[in-house]
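**Student:** Input structure: protein32.cif, which contains mmCIF, C-alpha atoms.
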data_structure
loop_
_atom_site.label_atom_id
_atom_site.label_comp_id
_atom_site.auth_asym_id
_atom_site.auth_seq_id
_atom_site.Cartn_x
_atom_site.Cartn_y
_atom_site.Cartn_z
CA MET A 1 -123.45 -219.13 -16.26
CA PRO A 2 -123.24 -218.95 -20.06
CA GLU A 3 -119.75 -219.46 -21.39
CA LEU A 4 -119.42 -216.56 -23.82
CA LEU A 5 -117.22 -216.67 -26.90
CA SER A 6 -113.86 -214.92 -26.83
CA SER A 7 -112.99 -212.23 -29.37
CA LEU A 8 -110.95 -214.73 -31.39
CA GLU A 9 -113.83 -217.23 -31.41
CA MET A 10 -116.16 -214.43 -32.50
CA ALA A 11 -113.75 -213.52 -35.31
CA GLU A 12 -113.76 -217.17 -36.40
CA PHE A 13 -117.56 -216.97 -36.62
CA VAL A 14 -117.35 -213.82 -38.76
CA ASN A 15 -114.85 -215.66 -40.99
CA THR A 16 -116.59 -219.02 -41.35
CA GLY A 17 -120.21 -218.30 -40.39
CA LEU A 18 -120.30 -221.14 -37.89
CA VAL A 19 -119.48 -222.15 -34.32
CA ARG A 20 -119.14 -225.82 -33.55
CA LEU A 21 -119.54 -227.50 -30.14
CA ASP A 22 -118.74 -231.18 -30.61
CA GLY A 23 -120.26 -233.61 -28.11
CA VAL A 24 -121.08 -230.99 -25.48
CA ILE A 25 -124.53 -232.32 -24.55
CA PRO A 26 -124.42 -235.23 -22.07
CA ASP A 27 -125.55 -238.69 -23.16
CA GLU A 28 -128.50 -238.69 -20.74
CA ILE A 29 -129.98 -235.60 -22.40
CA ASN A 30 -129.27 -237.01 -25.86
CA ARG A 31 -131.22 -240.16 -24.96
CA MET A 32 -134.12 -238.07 -23.67
CA ALA A 33 -134.04 -235.98 -26.83
CA MET A 34 -134.21 -239.09 -29.02
CA GLU A 35 -137.26 -240.23 -27.05
CA GLU A 36 -138.91 -236.82 -27.56
CA LEU A 37 -138.11 -236.97 -31.27
CA THR A 38 -139.41 -240.47 -31.85
CA VAL A 39 -142.45 -240.59 -29.54
CA GLU A 40 -145.83 -241.06 -31.22
CA GLY A 41 -146.97 -237.70 -32.62
CA ALA A 42 -143.66 -236.05 -31.57
CA PRO A 43 -144.91 -232.77 -30.06
CA ILE A 44 -141.40 -231.38 -30.55
CA ALA A 45 -142.04 -231.36 -34.30
CA ARG A 46 -144.96 -228.92 -33.98
CA ARG A 47 -144.11 -225.37 -34.95
CA LEU A 48 -144.57 -222.58 -32.46
CA ALA A 49 -145.73 -219.03 -33.09
CA PRO A 50 -142.80 -216.97 -34.39
CA GLY A 51 -141.78 -213.77 -32.65
CA GLN A 52 -141.90 -214.91 -29.02
CA PRO A 53 -138.91 -214.97 -26.66
CA LEU A 54 -136.91 -218.18 -26.78
CA SER A 55 -137.25 -218.39 -23.00
CA ALA A 56 -141.00 -218.98 -23.48
CA CYS A 57 -140.45 -221.97 -25.81
CA PHE A 58 -139.91 -225.69 -25.32
CA GLY A 59 -141.06 -225.74 -21.69
CA GLU A 60 -142.77 -229.07 -22.31
CA GLN A 61 -139.76 -230.63 -24.03
CA PRO A 62 -137.25 -230.92 -21.16
CA ALA A 63 -134.45 -232.42 -23.26
CA PHE A 64 -134.51 -229.59 -25.79
CA ARG A 65 -134.88 -227.00 -23.04
CA ALA A 66 -131.79 -228.56 -21.42
CA VAL A 67 -129.85 -228.32 -24.69
CA LEU A 68 -130.71 -224.62 -25.04
CA ASP A 69 -129.86 -224.00 -21.37
CA HIS A 70 -126.48 -225.77 -21.53
CA PRO A 71 -123.81 -223.21 -20.51
CA ARG A 72 -121.80 -223.68 -23.70
CA VAL A 73 -124.89 -223.44 -25.93
CA ARG A 74 -126.24 -220.46 -24.02
CA GLY A 75 -122.84 -218.83 -24.34
CA VAL A 76 -122.93 -219.19 -28.11
CA ILE A 77 -126.51 -217.93 -28.30
CA GLU A 78 -125.82 -214.91 -26.09
CA SER A 79 -122.58 -214.06 -27.89
CA LEU A 80 -124.24 -214.09 -31.30
CA VAL A 81 -127.86 -212.95 -30.83
CA GLY A 82 -128.13 -211.82 -27.22
CA PRO A 83 -129.41 -213.25 -23.93
CA ASP A 84 -133.07 -213.90 -24.81
CA PRO A 85 -133.38 -213.97 -28.58
CA ILE A 86 -136.56 -214.16 -30.61
CA TYR A 87 -137.82 -217.58 -31.63
CA ASP A 88 -138.20 -217.66 -35.43
CA HIS A 89 -139.03 -221.28 -36.20
CA HIS A 90 -137.77 -224.77 -35.57
CA ALA A 91 -137.87 -228.07 -37.40
CA VAL A 92 -136.93 -231.68 -36.94
CA HIS A 93 -134.82 -232.64 -39.93
CA VAL A 94 -134.84 -236.30 -40.86
CA ARG A 95 -132.75 -238.16 -43.42
CA GLN A 96 -134.31 -241.52 -44.08
CA PRO A 97 -132.20 -244.62 -44.81
CA GLY A 98 -131.21 -244.54 -48.47
CA GLN A 99 -132.48 -241.00 -48.97
CA GLY A 100 -130.47 -238.89 -51.40
CA ALA A 101 -128.93 -235.51 -50.73
CA GLN A 102 -130.80 -232.22 -50.69
CA ASN A 103 -129.69 -229.57 -53.12
CA LEU A 104 -127.44 -226.88 -51.73
CA HIS A 105 -129.38 -223.87 -50.47
CA ALA A 106 -129.45 -220.94 -48.09
CA ASP A 107 -132.50 -220.82 -45.84
CA ALA A 108 -135.37 -218.31 -46.06
CA ILE A 109 -134.94 -215.59 -48.71
CA ILE A 110 -132.18 -213.23 -49.78
CA ASP A 111 -131.28 -211.18 -46.72
CA LEU A 112 -129.24 -207.97 -46.91
CA ARG A 113 -129.12 -207.11 -43.20
CA ALA A 114 -125.93 -206.59 -41.23
CA ALA A 115 -127.90 -208.02 -38.32
CA PHE A 116 -127.90 -211.78 -38.53
CA ASP A 117 -129.98 -214.65 -37.23
CA ILE A 118 -128.47 -217.95 -36.22
CA GLN A 119 -129.60 -221.48 -36.82
CA LEU A 120 -128.75 -223.93 -34.06
CA MET A 121 -128.38 -227.50 -35.23
CA TYR A 122 -128.40 -230.22 -32.56
CA TYR A 123 -127.47 -233.82 -33.34
CA PRO A 124 -128.68 -236.14 -30.56
CA SER A 125 -127.01 -239.20 -32.12
CA GLU A 126 -123.60 -239.81 -33.61
CA VAL A 127 -123.34 -238.79 -37.27
CA THR A 128 -120.97 -240.87 -39.39
CA ILE A 129 -119.78 -239.90 -42.88
CA GLU A 130 -122.36 -242.32 -44.35
CA ALA A 131 -125.27 -241.12 -42.20
CA GLY A 132 -126.36 -238.05 -44.16
CA GLY A 133 -125.07 -235.30 -41.93
CA THR A 134 -125.36 -231.66 -42.87
CA LEU A 135 -123.07 -230.28 -45.56
CA ILE A 136 -121.79 -226.78 -44.79
CA VAL A 137 -119.87 -224.39 -47.04
CA PRO A 138 -117.81 -222.27 -44.60
CA GLY A 139 -117.57 -218.60 -45.46
CA SER A 140 -120.66 -218.57 -47.70
CA HIS A 141 -122.76 -216.39 -45.35
CA PHE A 142 -122.13 -213.06 -47.11
CA ARG A 143 -123.13 -214.36 -50.55
CA ARG A 144 -126.26 -212.74 -51.93
CA VAL A 145 -128.25 -215.68 -53.20
CA ASN A 146 -131.88 -216.61 -52.87
CA GLU A 147 -132.55 -220.04 -51.33
CA GLY A 148 -132.14 -222.84 -53.88
CA THR A 149 -130.64 -220.75 -56.69
CA ILE A 150 -127.31 -222.41 -55.84
CA ALA A 151 -128.70 -225.93 -56.30
CA ARG A 152 -126.37 -226.51 -59.26
CA TYR A 153 -123.30 -226.47 -56.99
CA GLN A 154 -122.58 -230.02 -55.82
CA ASN A 155 -119.13 -229.78 -54.23
CA HIS A 156 -116.75 -227.10 -52.97
CA ALA A 157 -113.11 -227.25 -51.95
CA GLY A 158 -113.07 -226.97 -48.16
CA GLN A 159 -116.72 -227.94 -47.66
CA VAL A 160 -117.55 -229.51 -44.30
CA ALA A 161 -119.49 -232.75 -44.25
CA VAL A 162 -120.60 -232.84 -40.63
CA VAL A 163 -119.34 -235.97 -38.87
CA CYS A 164 -119.79 -235.66 -35.13
CA PRO A 165 -120.40 -237.44 -31.84
CA ALA A 166 -123.83 -237.46 -30.21
CA GLY A 167 -124.61 -234.22 -28.42
CA THR A 168 -123.04 -231.89 -30.97
CA VAL A 169 -124.46 -228.40 -31.48
CA ILE A 170 -123.52 -226.17 -34.42
CA ALA A 171 -124.56 -222.55 -34.77
CA LEU A 172 -124.76 -221.18 -38.31
CA HIS A 173 -125.11 -217.63 -39.60
CA HIS A 174 -128.46 -217.53 -41.43
CA GLY A 175 -126.79 -217.03 -44.81
CA ILE A 176 -124.63 -220.16 -44.79
CA TRP A 177 -124.99 -222.49 -47.77
CA HIS A 178 -125.88 -225.97 -46.56
CA CYS A 179 -127.95 -229.11 -47.19
CA GLY A 180 -128.60 -232.58 -45.85
CA ARG A 181 -126.28 -235.18 -47.41
CA ALA A 182 -127.32 -238.61 -48.64
CA ASN A 183 -127.99 -241.16 -45.91
CA ARG A 184 -126.31 -244.41 -46.93
CA THR A 185 -127.00 -246.22 -43.67
CA SER A 186 -130.00 -248.25 -42.50
CA ALA A 187 -130.76 -245.84 -39.65
CA VAL A 188 -132.75 -242.60 -39.60
CA ARG A 189 -130.61 -239.51 -39.01
CA TYR A 190 -132.21 -236.80 -36.85
CA MET A 191 -131.26 -233.17 -36.44
CA PHE A 192 -133.13 -230.54 -34.44
CA LYS A 193 -132.88 -227.02 -35.84
CA VAL A 194 -134.07 -223.77 -34.32
CA ARG A 195 -133.67 -220.32 -35.88
CA LEU A 196 -133.12 -217.41 -33.50
CA GLU A 197 -133.28 -213.68 -34.20
CA PRO A 198 -131.51 -211.01 -32.14
CA ALA A 199 -133.77 -209.05 -29.78
CA VAL A 200 -131.01 -206.50 -29.18
CA ARG A 201 -128.49 -204.66 -31.32
CA GLN A 202 -125.60 -207.09 -31.93
CA TRP A 203 -122.91 -204.94 -30.35
CA ARG A 204 -120.15 -206.49 -28.21
CA LEU A 205 -122.36 -209.34 -26.97
CA TRP A 206 -119.47 -211.79 -26.52
CA ASP A 207 -116.71 -211.65 -23.85
CA THR A 208 -114.95 -208.50 -25.07
CA SER A 209 -112.58 -208.22 -22.10
CA ASP A 210 -109.70 -209.12 -24.44
CA LEU A 211 -110.77 -206.92 -27.35
CA ASP A 212 -108.39 -204.01 -26.73
CA ASP A 213 -105.32 -206.27 -26.42
CA PRO A 214 -103.08 -205.37 -29.41
CA GLU A 215 -102.12 -209.03 -29.89
CA VAL A 216 -105.81 -210.01 -29.97
CA GLN A 217 -106.45 -207.23 -32.50
CA ARG A 218 -103.62 -208.58 -34.64
CA GLN A 219 -105.01 -212.12 -34.42
CA VAL A 220 -108.52 -210.91 -35.27
CA GLU A 221 -107.25 -209.25 -38.45
CA LYS A 222 -105.35 -212.42 -39.31
CA ILE A 223 -108.47 -214.57 -38.83
CA LEU A 224 -110.62 -212.20 -40.88
CA SER A 225 -108.09 -212.19 -43.72
CA THR A 226 -107.99 -216.02 -43.94
CA ARG A 227 -109.40 -217.23 -47.25
CA GLN A 228 -111.67 -220.20 -47.71
CA PRO A 229 -110.31 -222.79 -50.18
CA TRP A 230 -113.26 -222.24 -52.55
CA PHE A 231 -112.87 -218.47 -52.82
CA GLU A 232 -111.85 -217.00 -56.15
CA GLY A 233 -108.64 -214.98 -55.88
CA ALA A 234 -110.30 -211.62 -56.52
CA GLY A 235 -113.52 -212.57 -54.74
CA ALA A 236 -111.57 -213.40 -51.58
CA ARG A 237 -110.68 -209.73 -51.26
CA LEU A 238 -114.34 -208.79 -51.43
CA GLU A 239 -115.09 -211.37 -48.74
CA GLN A 240 -112.46 -209.72 -46.55
CA VAL A 241 -114.28 -206.43 -47.07
CA GLN A 242 -117.60 -207.97 -45.94
CA ARG A 243 -115.94 -209.37 -42.83
CA ALA A 244 -114.27 -206.07 -41.97
CA ALA A 245 -117.60 -204.26 -42.37
CA LEU A 246 -119.38 -206.75 -40.08
CA TRP A 247 -116.58 -206.60 -37.49
CA ARG A 248 -116.90 -202.80 -37.45
CA HIS A 249 -120.66 -203.17 -36.95
CA LEU A 250 -120.21 -205.67 -34.11
CA THR A 251 -117.47 -203.76 -32.27
CA GLY A 252 -118.22 -200.12 -33.09
CA ASP A 253 -114.62 -199.75 -34.24
CA ASP A 254 -115.01 -197.81 -37.51
CA ASP A 255 -111.24 -197.74 -38.04
CA PHE A 256 -110.88 -201.51 -38.14
CA GLN A 257 -109.12 -202.76 -41.28
CA VAL A 258 -108.48 -206.05 -43.02
CA GLU A 259 -105.67 -205.71 -45.56
CA TYR A 260 -106.54 -201.96 -45.69
CA TRP A 261 -109.10 -202.59 -48.46
CA LEU A 262 -111.67 -200.26 -46.88
CA GLY A 263 -109.14 -197.67 -45.70
CA ARG A 264 -107.89 -197.05 -49.23
CA LEU A 265 -111.41 -196.59 -50.58
CA GLU A 266 -112.40 -194.33 -47.69
CA ASN A 267 -109.62 -191.84 -48.47
CA GLN A 268 -111.41 -189.00 -50.31
CA ALA A 269 -114.28 -191.30 -51.22
CA VAL A 270 -116.43 -188.49 -52.65
CA PRO A 271 -116.85 -187.75 -55.48
CA GLN A 272 -116.62 -191.03 -57.34
CA LEU A 273 -114.91 -190.76 -60.71
CA THR A 274 -118.13 -191.92 -62.37
CA ASP A 275 -119.92 -188.89 -60.85
CA LEU A 276 -117.73 -186.67 -63.05
CA LEU A 277 -118.72 -188.30 -66.33
CA PRO A 278 -121.17 -186.60 -68.73
CA SER A 279 -123.41 -189.68 -68.68
CA ASN A 280 -124.24 -188.83 -65.07
CA GLY A 281 -125.19 -185.24 -65.88
CA HIS A 282 -121.89 -183.71 -64.83
CA ARG A 283 -121.06 -180.26 -66.32
CA PRO A 284 -117.57 -178.81 -65.84
CA ALA A 285 -117.66 -175.66 -63.70
CA MET B 1 -116.22 -240.09 -61.22
CA PRO B 2 -118.01 -242.85 -63.22
CA VAL B 3 -117.22 -242.07 -66.84
CA ALA B 4 -116.78 -244.31 -69.81
CA THR B 5 -113.33 -245.36 -70.93
CA ARG B 6 -111.74 -243.08 -73.49
CA PRO B 7 -110.63 -244.48 -76.81
CA ASP B 8 -106.89 -244.56 -77.30
CA SER B 9 -107.03 -242.51 -80.49
CA GLY B 10 -109.16 -241.61 -83.48
CA SER B 11 -112.89 -241.90 -83.92
CA VAL B 12 -114.98 -244.62 -82.41
CA ARG B 13 -116.53 -246.65 -85.21
CA GLY B 14 -119.69 -248.66 -85.19
CA VAL B 15 -121.62 -246.32 -82.87
CA VAL B 16 -125.17 -247.60 -82.43
CA ALA B 17 -127.72 -245.00 -83.55
CA GLY B 18 -129.65 -243.48 -80.64
CA SER B 19 -127.22 -244.76 -78.06
CA VAL B 20 -125.12 -241.61 -77.63
CA ARG B 21 -125.61 -239.70 -74.39
CA GLN B 22 -124.16 -236.49 -72.98
CA GLN B 23 -122.18 -236.11 -69.78
CA LEU B 24 -121.79 -232.62 -68.33
CA LEU B 25 -119.06 -231.40 -66.03
CA PHE B 26 -119.34 -227.96 -64.41
CA LEU B 27 -116.08 -226.55 -63.10
CA TYR B 28 -115.93 -223.32 -61.11
CA LEU B 29 -112.45 -221.86 -61.41
CA GLY B 30 -110.39 -219.40 -59.42
CA THR B 31 -110.08 -216.86 -62.25
CA SER B 32 -111.37 -216.36 -65.79
CA ALA B 33 -108.34 -218.33 -67.05
CA LEU B 34 -109.07 -221.90 -68.06
CA ASP B 35 -105.84 -223.10 -66.48
CA SER B 36 -106.74 -221.76 -63.01
CA HIS B 37 -107.66 -224.04 -60.14
CA VAL B 38 -110.99 -225.82 -59.66
CA LEU B 39 -112.83 -224.45 -56.61
CA ALA B 40 -116.19 -226.17 -57.00
CA TRP B 41 -117.63 -228.80 -59.33
CA THR B 42 -120.74 -230.65 -60.46
CA PHE B 43 -121.30 -233.71 -62.64
CA TYR B 44 -124.44 -234.77 -64.54
CA ASP B 45 -124.43 -238.13 -66.21
CA GLY B 46 -126.77 -238.58 -69.17
CA ALA B 47 -125.17 -241.95 -69.84
CA GLY B 48 -125.89 -243.69 -66.59
CA THR B 49 -126.41 -243.26 -62.88
CA GLY B 50 -123.21 -241.43 -62.06
CA THR B 51 -124.79 -238.00 -61.48
CA GLY B 52 -123.22 -236.53 -58.40
CA GLN B 53 -124.98 -235.80 -55.13
CA THR B 54 -124.37 -232.68 -53.10
CA GLY B 55 -121.38 -233.09 -50.84
CA ASP B 56 -120.29 -236.47 -52.19
CA GLN B 57 -116.71 -235.57 -53.10
CA SER B 58 -114.01 -233.74 -51.20
CA GLU B 59 -111.51 -233.57 -54.08
CA PRO B 60 -112.17 -232.07 -57.53
CA PRO B 61 -112.06 -234.37 -60.57
CA TYR B 62 -109.35 -232.20 -62.17
CA PRO B 63 -106.95 -229.65 -60.71
CA THR B 64 -107.68 -227.09 -63.45
CA GLY B 65 -110.09 -226.53 -66.34
CA LEU B 66 -107.24 -227.13 -68.76
CA ALA B 67 -106.68 -230.59 -67.27
CA ALA B 68 -110.27 -231.47 -68.14
CA LEU B 69 -109.66 -230.40 -71.75
CA GLN B 70 -106.53 -232.52 -71.84
CA ASP B 71 -108.56 -235.50 -70.63
CA GLY B 72 -110.98 -235.25 -73.56
CA TRP B 73 -113.75 -232.97 -72.28
CA ARG B 74 -115.06 -230.31 -74.68
CA LEU B 75 -115.76 -226.81 -73.42
CA ILE B 76 -119.29 -225.74 -74.40
CA SER B 77 -119.95 -222.71 -72.19
CA LEU B 78 -118.15 -220.21 -70.00
CA SER B 79 -119.20 -217.24 -67.90
CA GLU B 80 -119.28 -213.75 -69.37
CA LEU B 81 -117.01 -211.18 -67.77
CA ARG B 82 -119.11 -208.28 -66.51
CA PRO B 83 -118.56 -205.53 -63.96
CA GLY B 84 -120.72 -205.77 -60.86
CA PRO B 85 -124.02 -203.86 -60.96
CA VAL B 86 -123.85 -200.28 -59.70
CA GLY B 87 -124.20 -200.32 -55.92
CA LEU B 88 -123.20 -203.97 -55.65
CA GLU B 89 -119.56 -203.68 -56.73
CA TYR B 90 -118.33 -205.06 -53.41
CA ALA B 91 -121.00 -207.71 -52.92
CA THR B 92 -120.37 -211.41 -53.49
CA SER B 93 -122.87 -213.88 -54.80
CA PHE B 94 -122.67 -216.80 -57.25
CA HIS B 95 -119.44 -218.21 -58.62
CA ASN B 96 -118.07 -215.92 -61.33
CA PHE B 97 -116.10 -218.36 -63.45
CA GLU B 98 -118.29 -221.28 -64.50
CA PHE B 99 -116.96 -223.52 -67.26
CA VAL B 100 -119.23 -226.23 -68.66
CA PHE B 101 -117.75 -229.23 -70.44
CA GLU B 102 -119.34 -232.13 -72.24
CA ARG B 103 -118.44 -235.46 -73.57
CA MET B 104 -120.55 -237.85 -75.53
CA VAL B 105 -120.71 -241.47 -74.53
CA ASP B 106 -121.97 -244.44 -76.55
CA ILE B 107 -123.85 -246.36 -73.90
CA SER B 108 -124.05 -249.44 -76.10
CA ALA B 109 -120.27 -249.71 -76.25
CA GLY B 110 -119.35 -247.94 -73.02
CA VAL B 111 -116.87 -245.62 -74.71
CA GLN B 112 -116.47 -241.92 -75.35
CA VAL B 113 -117.44 -240.80 -78.82
CA ASP B 114 -115.52 -238.28 -80.90
CA ALA B 115 -118.43 -236.11 -82.06
#
Let me see whether you can do it: turn the structure in this file into structure tokens.

**Tutor:**
Amino acid sequence: MPELLSSLEMAEFVNTGLVRLDGVIPDEINRMAMEELTVEGAPIARRLAPGQPLSACFGEQPAFRAVLDHPRVRGVIESLVGPDPIYDHHAVHVRQPGQGAQNLHADAIIDLRAAFDIQLMYYPSEVTIEAGGTLIVPGSHFRRVNEGTIARYQNHAGQVAVVCPAGTVIALHHGIWHCGRANRTSAVRYMFKVRLEPAVRQWRLWDTSDLDDPEVQRQVEKILSTRQPWFEGAGARLEQVQRAALWRHLTGDDDFQVEYWLGRLENQAVPQLTDLLPSNGHRPA
Amino acid sequence: MPVATRPDSGSVRGVVAGSVRQQLLFLYLGTSALDSHVLAWTFYDGAGTGTGQTGDQSEPPYPTGLAALQDGWRLISLSELRPGPVGLEYATSFHNFEFVFERMVDISAGVQVDA
């Protein structure tokens, strides 16, 4: 059975844009995965046709199928993008010994949807701080940027340089800023990534049995109001607005508030003051 | 951060022609005020091999933009203040408060130059 996320874990995802499962995949599967990654020709590295159900993929790569079928991993997948999401693409990411860092980027292109894809990142071997693990900027998933336009940004307060045991799986919202860090070891660092799209409307897909508990509601608002260390003071309020809007979309609760930013604006929202200005064609009655 | 040693005071004399290089420090601050906190940062080193790599530092080189000024960096650029485009007033995107600093380094002497 998939182990679905709780409402508080889901709120943490809306806040940070990531879910982290450290060391959940057993060593035996990790060893098999490393063999599948490093075998001559590595069939796992070949791209598949996008748009097919995930359940139809990786049947000939038993280690990767086992990773995707792990109850904790399945629980994250189902909670975020539904029980049988759409396969988008996958890739084997390699950081060679001595290889420098990638520039910071968001994958694909600018994406304005409330619906979100996830990118699962699986590390079959231990990643040390020197080994060129992924760099993640938590809370960057609502930023409207196009791929490598953020390459100038080298470091952020609160950034996460992934250091993890073998068998770690991280799920990222598609908009998260990230890159591969420099590998300062003598060993190749591998990471298997697969992007998944929702096949269903993302509405209460996680374990929502606790959602109506007033204490859970209070904790959700607290989580969604928590600022990332790299947020500007004023920008943090706009991030809270994005989170509140996404939480409303995910739960169907159109009255949900974070710090009442939306509630204030929704009180007599029409007309806007600018609608009454002559420059917009307004004529007094 | 690998930067050349600052002179104690006054101008550096005897600079070798053609040996002056620029170092650039980008600081992204919490507000439009130069004395607000550093949230993100980038370093390019025209004087050597100290250019930063993505994700190589967890602590900023200075706590504020003002602290960089006080350490001898010269401010050469800062972000304009503009309202968000119509329809995108509540959207977030790039950092809003980018401050770019420079200092000139004489690579023959390994010291900062007062330009």

**Student:** Mind checking which residues fall within 8 Å of Ser125 in chain A, counting only C-alpha atoms, ignoring those fewer than 3 positions away in the same chain, and posting them as a list in words?

**Tutor:**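 Final neighbour list, sorted by chain and number: Asn30, Met34, Pro165, Ala166, Gly167, Arg189 and Tyr190 of chain A.
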
**Student:** CA of Leu66 in chain B and CA of Gly30 in chain B are how many Å apart?

**Tutor:** 12.5 Å

**Student:** Given the PyMOL selection byres ((chain B and resi 97) around 6) and the file above, list the residues it selects as a ChimeraX atom specification.

**Tutor:** /B:28-29,32,79,95-96,98

**Student:** Please report as JSON lines every residue of chain B lying within 8 Å of chain A, along with the nearest atom pair and their distance in Å (one decimal), using only C-alpha atoms.

**Tutor:**
{"residue": "B:Leu29", "atom": "CA", "partner": "A:Glu232", "partner_atom": "CA", "distance": 7.2}
{"residue": "B:Gly30", "atom": "CA", "partner": "A:Glu232", "partner_atom": "CA", "distance": 4.3}
{"residue": "B:Thr31", "atom": "CA", "partner": "A:Glu232", "partner_atom": "CA", "distance": 6.4}
{"residue": "B:Leu39", "atom": "CA", "partner": "A:Trp230", "partner_atom": "CA", "distance": 4.6}
{"residue": "B:Ala40", "atom": "CA", "partner": "A:His156", "partner_atom": "CA", "distance": 4.2}
{"residue": "B:Trp41", "atom": "CA", "partner": "A:Asn155", "partner_atom": "CA", "distance": 5.4}
{"residue": "B:Thr42", "atom": "CA", "partner": "A:Gln154", "partner_atom": "CA", "distance": 5.0}
{"residue": "B:Phe43", "atom": "CA", "partner": "A:Gln154", "partner_atom": "CA", "distance": 7.9}
{"residue": "B:Gly52", "atom": "CA", "partner": "A:Gln154", "partner_atom": "CA", "distance": 7.0}
{"residue": "B:Gln53", "atom": "CA", "partner": "A:Ala101", "partner_atom": "CA", "distance": 5.9}
{"residue": "B:Thr54", "atom": "CA", "partner": "A:Gln154", "partner_atom": "CA", "distance": 4.2}
{"residue": "B:Gly55", "atom": "CA", "partner": "A:Asn155", "partner_atom": "CA", "distance": 5.2}
{"residue": "B:Asp56", "atom": "CA", "partner": "A:Asn155", "partner_atom": "CA", "distance": 7.1}
{"residue": "B:Gln57", "atom": "CA", "partner": "A:Asn155", "partner_atom": "CA", "distance": 6.4}
{"residue": "B:Ser58", "atom": "CA", "partner": "A:Ala157", "partner_atom": "CA", "distance": 6.6}
{"residue": "B:Glu59", "atom": "CA", "partner": "A:Ala157", "partner_atom": "CA", "distance": 6.9}
{"residue": "B:Pro60", "atom": "CA", "partner": "A:Ala157", "partner_atom": "CA", "distance": 7.4}
{"residue": "B:Tyr90", "atom": "CA", "partner": "A:Leu238", "partner_atom": "CA", "distance": 5.8}
{"residue": "B:Ala91", "atom": "CA", "partner": "A:Leu238", "partner_atom": "CA", "distance": 6.9}
{"residue": "B:Thr92", "atom": "CA", "partner": "A:Arg143", "partner_atom": "CA", "distance": 5.0}
{"residue": "B:Ser93", "atom": "CA", "partner": "A:Arg143", "partner_atom": "CA", "distance": 4.3}
{"residue": "B:Phe94", "atom": "CA", "partner": "A:Val145", "partner_atom": "CA", "distance": 7.0}

**Student:** Would you export the selected residues with C-alpha atoms as a compact mmCIF listing (two decimals), in the coordinates of the input, please?

**Tutor:**
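The file below, selection_16.txt, is the result:
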# COMPACT_ATOMS: atom_id res chain seq x y z
CA LEU B 29 -112.45 -221.86 -61.41
CA GLY B 30 -110.39 -219.40 -59.42
CA THR B 31 -110.08 -216.86 -62.25
CA LEU B 39 -112.83 -224.45 -56.61
CA ALA B 40 -116.19 -226.17 -57.00
CA TRP B 41 -117.63 -228.80 -59.33
CA THR B 42 -120.74 -230.65 -60.46
CA PHE B 43 -121.30 -233.71 -62.64
CA GLY B 52 -123.22 -236.53 -58.40
CA GLN B 53 -124.98 -235.80 -55.13
CA THR B 54 -124.37 -232.68 -53.10
CA GLY B 55 -121.38 -233.09 -50.84
CA ASP B 56 -120.29 -236.47 -52.19
CA GLN B 57 -116.71 -235.57 -53.10
CA SER B 58 -114.01 -233.74 -51.20
CA GLU B 59 -111.51 -233.57 -54.08
CA PRO B 60 -112.17 -232.07 -57.53
CA TYR B 90 -118.33 -205.06 -53.41
CA ALA B 91 -121.00 -207.71 -52.92
CA THR B 92 -120.37 -211.41 -53.49
CA SER B 93 -122.87 -213.88 -54.80
CA PHE B 94 -122.67 -216.80 -57.25

**Student:** Enumerate, as a list in words, the residues matched when the PyMOL selection byres ((chain A and resi 115) around 8) is run on the file above.

**Tutor:** Arg113, Ala114, Phe116, Asp117, Pro198, Arg201 and Gln202 of chain A

**Student:** Can you give me, as a CSV table (one decimal) with C-alpha atoms, in the coordinates of the input, the residues this file yields under the PyMOL selection byres ((chain A and resi 19) around 7)?

**Tutor:**
chain,number,residue,atom,x,y,z
A,13,PHE,CA,-117.6,-217.0,-36.6
A,18,LEU,CA,-120.3,-221.1,-37.9
A,20,ARG,CA,-119.1,-225.8,-33.6
A,21,LEU,CA,-119.5,-227.5,-30.1
A,170,ILE,CA,-123.5,-226.2,-34.4
A,171,ALA,CA,-124.6,-222.6,-34.8
A,172,LEU,CA,-124.8,-221.2,-38.3

**Student:** Please indicate the distance in Å from CA of Met32 in chain A to CA of Asp84 in chain A, rounded to one decimal place.

**Tutor:**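 Calculated distance between CA of Met32 in chain A and CA of Asp84 in chain A is 24.2 Å.
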
**Student:** So that I can see what lies close to Ala199 in chain A, please list as a ChimeraX atom specification the residues with an atom at most 9 Å from it, counting only C-alpha atoms and leaving out residues fewer than 5 positions away in the same chain.

**Tutor:** /A:53,81-86

**Student:** Go ahead and write the residues just picked, C-alpha atoms, as a compact mmCIF listing (two decimals), in the frame of the given file.

**Tutor:**
# COMPACT_ATOMS: atom_id res chain seq x y z
CA PRO A 53 -138.91 -214.97 -26.66
CA VAL A 81 -127.86 -212.95 -30.83
CA GLY A 82 -128.13 -211.82 -27.22
CA PRO A 83 -129.41 -213.25 -23.93
CA ASP A 84 -133.07 -213.90 -24.81
CA PRO A 85 -133.38 -213.97 -28.58
CA ILE A 86 -136.56 -214.16 -30.61

**Student:** At what distance in Å, to one decimal, does CA of Ala244 in chain A lie from CA of Met10 in chain A?

**Tutor:**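 CA of Ala244 in chain A lies at a distance of 12.8 Å from CA of Met10 in chain A.
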
**Student:** Give me the residues within 10 Å of Thr208 in chain A as a short mmCIF file (atom, residue, chain, number, x, y, z; two decimals) with C-alpha atoms, in the frame of the given file, counting all atoms listed in the file and dropping any in the same chain fewer than 5 places off.

**Tutor:**
data_model
loop_
_atom_site.label_atom_id
_atom_site.label_comp_id
_atom_site.auth_asym_id
_atom_site.auth_seq_id
_atom_site.Cartn_x
_atom_site.Cartn_y
_atom_site.Cartn_z
CA LEU A 4 -119.42 -216.56 -23.82
CA LEU A 5 -117.22 -216.67 -26.90
CA SER A 6 -113.86 -214.92 -26.83
CA SER A 7 -112.99 -212.23 -29.37
CA LEU A 8 -110.95 -214.73 -31.39
CA MET A 10 -116.16 -214.43 -32.50
CA SER A 79 -122.58 -214.06 -27.89
CA ASP A 213 -105.32 -206.27 -26.42
CA THR A 251 -117.47 -203.76 -32.27
#
